[in-house]
Structures are given as C-alpha cells and as structure tokens.
file input_23.pdb (PDB, C-alpha atoms)
ATOM      1  CA  MET A 137     -14.298  -6.326 -29.325
ATOM      2  CA  GLN A 138     -14.134  -4.828 -25.841
ATOM      3  CA  ALA A 139     -14.258  -1.043 -25.452
ATOM      4  CA  MET A 140     -11.161   0.650 -24.037
ATOM      5  CA  ALA A 141     -11.126   3.581 -21.675
ATOM      6  CA  ILE A 142      -9.988   6.819 -23.306
ATOM      7  CA  ALA A 143      -7.268   7.091 -20.638
ATOM      8  CA  ASP A 144      -5.785   3.833 -21.960
ATOM      9  CA  ILE A 145      -5.754   5.097 -25.533
ATOM     10  CA  LEU A 146      -4.230   8.499 -24.750
ATOM     11  CA  PRO A 147      -2.515   8.135 -21.349
ATOM     12  CA  GLY A 148      -0.259  11.183 -21.776
ATOM     13  CA  ARG A 149      -3.160  13.523 -22.492
ATOM     14  CA  PHE A 150      -4.838  12.951 -19.123
ATOM     15  CA  GLY A 151      -1.688  12.393 -17.061
ATOM     16  CA  SER A 152      -1.574  10.208 -13.980
ATOM     17  CA  ALA A 153      -5.112  11.096 -12.895
ATOM     18  CA  GLY A 154      -6.548   9.383 -15.960
ATOM     19  CA  ARG A 155      -4.413   6.275 -15.486
ATOM     20  CA  LEU A 156      -5.014   5.572 -11.795
ATOM     21  CA  PRO A 157      -8.077   3.707 -10.607
ATOM     22  CA  THR A 158     -10.378   5.926  -8.570
ATOM     23  CA  GLN A 159     -10.373   3.599  -5.547
ATOM     24  CA  ILE A 160      -7.910   1.103  -4.122
ATOM     25  CA  SER A 161     -10.654  -1.535  -4.119
ATOM     26  CA  GLU A 162     -10.358  -1.667  -7.936
ATOM     27  CA  LEU A 163      -6.864  -3.192  -7.695
ATOM     28  CA  ARG A 164      -7.051  -6.916  -8.459
ATOM     29  CA  GLY A 165      -3.406  -7.979  -8.692
ATOM     30  CA  PRO A 166      -2.169 -11.290  -7.350
ATOM     31  CA  ALA A 167      -0.919 -11.626  -3.769
ATOM     32  CA  ARG A 168       1.665 -14.260  -4.730
ATOM     33  CA  GLY A 169       3.197 -15.955  -7.711
ATOM     34  CA  VAL A 170       5.067 -14.777 -10.783
ATOM     35  CA  VAL A 171       3.519 -12.258 -13.161
ATOM     36  CA  MET A 172       4.600 -11.632 -16.744
ATOM     37  CA  LEU A 173       4.477  -7.923 -17.531
ATOM     38  CA  PRO A 174       3.414  -6.716 -20.980
ATOM     39  CA  MET A 175       6.155  -5.679 -23.414
ATOM     40  CA  HIS A 176       5.364  -1.963 -23.079
ATOM     41  CA  LEU A 177       6.230  -2.145 -19.359
ATOM     42  CA  SER A 178       9.189  -4.476 -19.489
ATOM     43  CA  TRP A 179      12.538  -3.222 -18.333
ATOM     44  CA  PRO A 180      15.542  -5.359 -19.275
ATOM     45  CA  GLY A 181      15.539  -8.334 -16.931
ATOM     46  CA  MET A 182      12.246  -7.289 -15.343
ATOM     47  CA  ARG A 183       9.552  -8.923 -17.455
ATOM     48  CA  GLU A 184       8.819 -11.674 -14.917
ATOM     49  CA  CYS A 185       8.221 -10.502 -11.373
ATOM     50  CA  ASP A 186       7.749 -12.701  -8.323
ATOM     51  CA  VAL A 187       5.148 -10.920  -6.211
ATOM     52  CA  SER A 188       6.318 -12.728  -3.063
ATOM     53  CA  GLU A 189       9.760 -11.049  -3.265
ATOM     54  CA  ASP A 190       9.415  -7.674  -1.536
ATOM     55  CA  ARG A 191      12.074  -5.731  -3.485
ATOM     56  CA  THR A 192      10.944  -7.036  -6.852
ATOM     57  CA  ARG A 193       7.280  -6.339  -6.079
ATOM     58  CA  ARG A 194       7.992  -2.805  -4.850
ATOM     59  CA  SER A 195      10.006  -2.027  -7.982
ATOM     60  CA  MET A 196       7.236  -3.431 -10.154
ATOM     61  CA  TYR A 197       4.549  -1.427  -8.307
ATOM     62  CA  GLY A 198       6.570   1.779  -8.643
ATOM     63  CA  MET A 199       7.003   1.147 -12.361
ATOM     64  CA  LEU A 200       3.313   0.336 -12.824
ATOM     65  CA  LEU A 201       2.153   3.445 -10.952
ATOM     66  CA  SER A 202       4.595   5.645 -12.885
ATOM     67  CA  GLN A 203       4.232   4.206 -16.390
ATOM     68  CA  GLY A 204       1.432   1.667 -16.518
ATOM     69  CA  LYS A 205      -1.924   2.070 -18.162
ATOM     70  CA  ARG A 206      -5.032   1.900 -16.006
ATOM     71  CA  ASN A 207      -5.691  -1.729 -16.989
ATOM     72  CA  ASP A 208      -2.079  -2.660 -16.121
ATOM     73  CA  ILE A 209      -2.355  -1.125 -12.656
ATOM     74  CA  VAL A 210      -5.681  -2.832 -11.943
ATOM     75  CA  ARG A 211      -4.437  -6.189 -13.236
ATOM     76  CA  PHE A 212      -1.009  -6.365 -11.565
ATOM     77  CA  VAL A 213      -1.192  -4.319  -8.324
ATOM     78  CA  ASN A 214      -2.650  -5.995  -5.247
ATOM     79  CA  ALA A 215      -4.494  -3.579  -2.918
ATOM     80  CA  GLU A 216      -3.342  -5.155   0.356
ATOM     81  CA  LEU A 217       0.283  -5.452  -0.729
ATOM     82  CA  LEU A 218       0.331  -1.880  -2.047
ATOM     83  CA  THR A 219      -1.048  -0.666   1.272
ATOM     84  CA  SER A 220       1.672  -2.454   3.241
ATOM     85  CA  ASP A 221       4.408  -1.449   0.761
ATOM     86  CA  TRP A 222       3.328   2.178   0.427
ATOM     87  CA  PRO A 223       5.839   3.664   2.924
ATOM     88  CA  GLU A 224       8.728   2.163   0.916
ATOM     89  CA  ILE A 225       7.264   2.948  -2.516
ATOM     90  CA  ALA A 226       6.055   6.508  -1.886
ATOM     91  CA  ASP A 227       9.476   8.153  -1.690
ATOM     92  CA  SER A 228      10.545   6.699  -5.046
ATOM     93  CA  LEU A 229       7.621   8.272  -6.925
ATOM     94  CA  ASP A 230       7.355  11.702  -8.485
ATOM     95  CA  PRO A 231       5.874  14.002  -5.780
ATOM     96  CA  LYS A 232       2.838  14.852  -7.921
ATOM     97  CA  LEU A 233       2.096  11.165  -8.555
ATOM     98  CA  ARG A 234       2.673  10.342  -4.877
ATOM     99  CA  ARG A 235       0.131  12.984  -3.760
ATOM    100  CA  LEU A 236      -2.382  11.726  -6.329
ATOM    101  CA  CYS A 237      -1.974   8.115  -5.135
ATOM    102  CA  GLU A 238      -2.361   9.243  -1.526
ATOM    103  CA  LYS A 239      -5.576  11.042  -2.446
ATOM    104  CA  GLN A 240      -7.031   8.289  -4.670
ATOM    105  CA  PHE A 241      -6.102   5.395  -2.382
ATOM    106  CA  ALA A 242      -6.485   7.172   1.010
ATOM    107  CA  PHE A 243      -2.794   6.818   1.963
ATOM    108  CA  GLY A 244      -0.756   9.274   3.960
ATOM    109  CA  PRO A 245      -1.407  11.812   6.707
ATOM    110  CA  ASP A 246      -4.757  12.993   5.286
ATOM    111  CA  GLN A 247      -6.316   9.555   5.828
ATOM    112  CA  PRO A 248      -9.368   9.788   8.091
ATOM    113  CA  GLU A 249      -9.029   8.287  11.572
ATOM    114  CA  ALA A 250     -11.858   5.805  10.925
ATOM    115  CA  GLU A 251      -9.844   4.142   8.155
ATOM    116  CA  MET A 252      -6.732   3.646  10.250
ATOM    117  CA  PRO A 253      -6.153   0.097  11.499
ATOM    118  CA  ALA A 254      -7.689  -0.507  14.908
ATOM    119  CA  HIS A 255      -5.280  -0.977  17.788
ATOM    120  CA  SER A 256      -5.987  -4.359  19.317
ATOM    121  CA  PRO A 257      -5.396  -5.198  22.983
ATOM    122  CA  ALA A 258      -2.983  -7.918  21.857
ATOM    123  CA  ASP A 259      -0.675  -5.161  20.534
ATOM    124  CA  SER A 260      -0.502  -3.427  23.925
ATOM    125  CA  PRO A 261       2.069  -4.352  26.540
ATOM    126  CA  PRO A 262       0.585  -6.358  29.382
ATOM    127  CA  HIS A 263      -0.579  -4.295  32.315
ATOM    128  CA  GLU A 264       1.120  -5.000  35.597
ATOM    129  CA  ALA A 265      -1.057  -5.773  38.577
ATOM    130  CA  PRO A 266      -0.668  -3.258  41.410
ATOM    131  CA  ALA A 267       1.683  -4.321  44.172
ATOM    132  CA  PRO A 268      -0.121  -5.665  47.227
ATOM    133  CA  ALA A 269      -0.356  -3.281  50.179
ATOM    134  CA  PRO A 270       2.015  -4.067  53.053
ATOM    135  CA  ALA A 271       0.532  -5.768  56.096
ATOM    136  CA  PRO A 272      -0.406  -3.298  58.913
ATOM    137  CA  ASP A 273       2.341  -4.509  61.237
ATOM    138  CA  SER A 274       5.126  -4.711  58.612
ATOM    139  CA  PRO A 275       8.032  -2.170  58.488
ATOM    140  CA  GLY A 276       6.697  -0.594  55.232
ATOM    141  CA  ALA A 277       3.190   0.067  56.648
ATOM    142  CA  ILE A 278       1.998   3.625  57.201
ATOM    143  CA  ALA A 279       0.440   4.222  60.581
TER     144      ALA A 279
END
call {"tool": "encode", "arguments": {"input": "input_23.pdb", "output": "structure tokens"}}
result
Amino acid sequence: MQAMAIADILPGRFGSAGRLPTQISELRGPARGVVMLPMHLSWPGMRECDVSEDRTRRSMYGMLLSQGKRNDIVRFVNAELLTSDWPEIADSLDPKLRRLCEKQFAFGPDQPEAEMPAHSPADSPPHEAPAPAPAPDSPGAIA
C-alpha cells in the first residue's frame, strides 16, 4: 500500500496551500487527449475532458485548482498548458487561491525578470535601412 500525503487525507484542514504542488515542475498532466476525472471531481457532463479543447481544459484546470487533491492536480494539470492558460484562468479563481498559485508557480507581476520568456529577434519588426544620401548635385543635397 502506498503512503498518502496528509494534505490528501485532510484537504480542508490545510486549505489550498496543502493541496497545491510546491513547484510548477511537479505538474505531469497530459498535453493532449481525453482525461477521465475521478468521481469526486466530476461535475455533471464534465467527467471526460479533452485537453486539446481550450475552454474545456481551462474549466477543468480551474476546477482542479479549486477543488482537487494534490495528486489530482499533479496528475491532470500540464505545466506548459497551465502557464499559457493562466491569464484566462486566474480571474475565475478565488483571489486567495489565485495569489497562492501565482506565488507557488511563479505567475503574475511578481515573477522575476530572468524567468520571463526571452524576446527573440524574430518577434521584432524588421528594421528599415537608412535612406541613401542624395547625390551632391541633386536638388535635395545640402551645400
């Protein structure tokens, strides 16, 4: 028999802090496919969730963060997808839970600059070459 974390046995006693993984790297959820949620998390019509459908995935992630046990969150939430979905999910969460997620997973305005995505030259607009100087005997030349 595998040992369970105390936070999984008594999730209400420790609140959200005891249910959330301490780092986003602990999240191991699938990046695609259909997941079958456990009965204790199932909402009517929401037991099977297609992770590739943005709205469905965001609803599932919000539900998991709000009500899931630690093992549920680790098993069903994908770190990369949560990172990209966070702006849409954050506003639907309880403010206390949102701040805790931002702290635990390094989301939000308090994220250190070094962890922000690097800006690549391909994202920048192309630079225009300077216009050639007019010939010395042309009407636009300065004498």
call {"tool": "closest_residue", "arguments": {"input": "input_23.pdb", "among": "A:Arg206, A:Arg183, A:Arg193, A:Lys239", "to": "Leu156 of chain A", "atoms": "only C-alpha atoms"}}
result
A:Arg206
call {"tool": "residues_around", "arguments": {"input": "input_23.pdb", "residues": "segment 214-229 of chain A", "least_positions_apart": "6", "cutoff": "8 Å", "atoms": "all atoms listed in the file", "output": "VMD selection string"}}
result
chain A and resid 160 to 167 194 to 195 197 to 198 202 243
call {"tool": "atom_distance", "arguments": {"input": "input_23.pdb", "atom1": "atom CA of Arg235 of chain A", "atom2": "atom CA of Val210 of chain A"}}
result
18.7 Å
call {"tool": "closest_residue", "arguments": {"input": "input_23.pdb", "among": "A:Leu233, A:Ala153, A:Val171, A:Ile209", "to": "Glu189 of chain A", "atoms": "all atoms listed in the file"}}
result
A:Val171
call {"tool": "atom_distance", "arguments": {"input": "input_23.pdb", "atom1": "atom CA of Gln159 of chain A", "atom2": "atom CA of Leu236 of chain A"}}
result
11.4 Å
call {"tool": "atom_distance", "arguments": {"input": "input_23.pdb", "atom1": "atom CA of Gly204 of chain A", "atom2": "atom CA of Gly154 of chain A"}}
result
11.1 Å
call {"tool": "closest_residue", "arguments": {"input": "input_23.pdb", "among": "A:Met182, A:Ala242, A:Leu173, A:Val187", "to": "Lys205 of chain A", "atoms": "all atoms listed in the file"}}
result
A:Leu173
call {"tool": "closest_residue", "arguments": {"input": "input_23.pdb", "among": "A:Ser188, A:Met196, A:Met175, A:Leu201", "to": "Arg234 of chain A", "atoms": "only C-alpha atoms"}}
result
A:Leu201
call {"tool": "axis_aligned_box", "arguments": {"input": "input_23.pdb", "around": "segment 240-243 of chain A", "padding_each_side": "4 Å", "output": "AutoDock Vina command-line options"}}
result
--center_x -4.9 --center_y 6.8 --center_z -1.4 --size_x 12.2 --size_y 10.9 --size_z 14.6
call {"tool": "resolve_selection", "arguments": {"input": "input_23.pdb", "expression": "the PyMOL selection byres ((chain A and resi 185) around 6)", "output": "PyMOL selection string"}}
result
chain A and resi 170-171+184+186
call {"tool": "build_atoms", "arguments": {"input": "input_23.pdb", "residues": "segment 188-219 of chain A", "atoms": "N, CA and C atoms", "output": "compact mmCIF listing (two decimals), keeping the file's coordinate frame"}}
result
# COMPACT_ATOMS: atom_id res chain seq x y z
N SER A 188 5.97 -12.40 -4.45
CA SER A 188 6.32 -12.73 -3.06
C SER A 188 7.67 -12.15 -2.64
N GLU A 189 8.47 -11.67 -3.59
CA GLU A 189 9.76 -11.05 -3.26
C GLU A 189 9.54 -9.55 -3.09
N ASP A 190 9.74 -9.07 -1.88
CA ASP A 190 9.41 -7.67 -1.54
C ASP A 190 10.07 -6.65 -2.46
N ARG A 191 11.37 -6.73 -2.66
CA ARG A 191 12.07 -5.73 -3.48
C ARG A 191 11.58 -5.73 -4.92
N THR A 192 11.42 -6.92 -5.47
CA THR A 192 10.94 -7.04 -6.85
C THR A 192 9.54 -6.47 -6.99
N ARG A 193 8.66 -6.82 -6.04
CA ARG A 193 7.28 -6.34 -6.08
C ARG A 193 7.23 -4.81 -5.95
N ARG A 194 8.00 -4.26 -5.04
CA ARG A 194 7.99 -2.80 -4.85
C ARG A 194 8.50 -2.08 -6.09
N SER A 195 9.52 -2.63 -6.73
CA SER A 195 10.01 -2.03 -7.98
C SER A 195 8.94 -2.09 -9.07
N MET A 196 8.28 -3.26 -9.15
CA MET A 196 7.24 -3.43 -10.15
C MET A 196 6.08 -2.46 -9.88
N TYR A 197 5.65 -2.33 -8.63
CA TYR A 197 4.55 -1.43 -8.31
C TYR A 197 4.91 0.03 -8.63
N GLY A 198 6.14 0.43 -8.31
CA GLY A 198 6.57 1.78 -8.64
C GLY A 198 6.55 2.03 -10.14
N MET A 199 7.01 1.04 -10.90
CA MET A 199 7.00 1.15 -12.36
C MET A 199 5.57 1.20 -12.89
N LEU A 200 4.71 0.35 -12.37
CA LEU A 200 3.31 0.34 -12.82
C LEU A 200 2.62 1.66 -12.51
N LEU A 201 2.80 2.18 -11.31
CA LEU A 201 2.15 3.44 -10.95
C LEU A 201 2.69 4.60 -11.80
N SER A 202 3.97 4.56 -12.12
CA SER A 202 4.60 5.64 -12.88
C SER A 202 4.31 5.57 -14.38
N GLN A 203 4.28 4.34 -14.94
CA GLN A 203 4.23 4.21 -16.39
C GLN A 203 3.10 3.34 -16.93
N GLY A 204 2.45 2.60 -16.05
CA GLY A 204 1.43 1.67 -16.52
C GLY A 204 0.14 2.34 -16.94
N LYS A 205 -0.58 1.64 -17.79
CA LYS A 205 -1.92 2.07 -18.16
C LYS A 205 -2.87 1.65 -17.04
N ARG A 206 -4.04 2.21 -17.04
CA ARG A 206 -5.03 1.90 -16.01
C ARG A 206 -5.27 0.39 -15.88
N ASN A 207 -5.45 -0.28 -17.00
CA ASN A 207 -5.69 -1.73 -16.99
C ASN A 207 -4.50 -2.50 -16.41
N ASP A 208 -3.27 -2.02 -16.68
CA ASP A 208 -2.08 -2.66 -16.12
C ASP A 208 -2.07 -2.54 -14.60
N ILE A 209 -2.37 -1.37 -14.10
CA ILE A 209 -2.36 -1.12 -12.66
C ILE A 209 -3.40 -2.00 -11.97
N VAL A 210 -4.60 -2.02 -12.52
CA VAL A 210 -5.68 -2.83 -11.94
C VAL A 210 -5.32 -4.31 -11.97
N ARG A 211 -4.73 -4.76 -13.04
CA ARG A 211 -4.44 -6.19 -13.24
C ARG A 211 -3.27 -6.70 -12.40
N PHE A 212 -2.24 -5.88 -12.19
CA PHE A 212 -1.01 -6.36 -11.56
C PHE A 212 -0.77 -5.89 -10.14
N VAL A 213 -1.44 -4.85 -9.67
CA VAL A 213 -1.19 -4.32 -8.32
C VAL A 213 -2.24 -4.87 -7.36
N ASN A 214 -1.77 -5.44 -6.28
CA ASN A 214 -2.65 -6.00 -5.25
C ASN A 214 -2.88 -4.91 -4.19
N ALA A 215 -4.14 -4.66 -3.85
CA ALA A 215 -4.49 -3.58 -2.92
C ALA A 215 -3.84 -3.75 -1.54
N GLU A 216 -3.91 -4.93 -0.98
CA GLU A 216 -3.34 -5.16 0.36
C GLU A 216 -1.83 -5.02 0.35
N LEU A 217 -1.18 -5.56 -0.67
CA LEU A 217 0.28 -5.45 -0.73
C LEU A 217 0.72 -4.01 -0.98
N LEU A 218 -0.01 -3.29 -1.82
CA LEU A 218 0.33 -1.88 -2.05
C LEU A 218 0.19 -1.09 -0.75
N THR A 219 -0.85 -1.36 0.01
CA THR A 219 -1.05 -0.67 1.27
C THR A 219 0.12 -0.92 2.22
